[in-house]
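One structure is given below, encoded as structure tokens.
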Amino acid sequence: MDQLDLTARAPDRNVGALSVDAQWVADKLSEFGFTMDQLEALYPEAERVALGWAARGDTRIGIDLVTGEIKRRTKLRFSNTVRPFLARMLRDRRPELRDLIKV
């Protein structure tokens, strides 16, 4: 039997790595009093910082330094518990940063 012989069926809305992953992240964030919307609001600035540092030739970008720079630039106050989530988003959304971002 070949994979091409299998009949195609519509994906179940309750099954899928991305939806399960997103739900896990949302649950973990809520444990720390954050929402996905708040994390998404921080992401663009984290991306700007990380891409800027990568462009200048940094070979290792610590997520703690990224969040510190976000706080300095935006004067926003947020808990450092978002660090691993921001690191994961940067790695997932920007493959060129995958090897550079360190938690």
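Chain identifiers are assigned as A, B, and so on, following the order in which chains appear in the structure tokens; residues are numbered from 1 within each chain, and ligands are numbered from 1 in order of appearance.
When the distance limit is 9 Å and only C-alpha atoms are what count, the residues near Ile70 of chain A, minus those fewer than 3 positions from it on the same chain, are Leu42, Glu45, Ala46, Val49, Leu65, Val66, Thr67, Arg73, Thr74, Lys75 and Leu76 of chain A.
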As a list in words, please: the residues near Phe34 of chain A (cut-off 12 Å, only C-alpha atoms, same-chain neighbours under 3 positions excluded). Val25, Ala26, Asp27, Lys28, Leu29, Ser30, Glu31, Asp37, Gln38, Leu39, Glu40, Ala41, Leu42, Phe78, Ser79, Asn80, Thr81, Val82 and Phe85 of chain A
Atom CA of Leu51 of chain A to atom CA of Arg72 of chain A, straight-line distance in Å: 16.8 Å
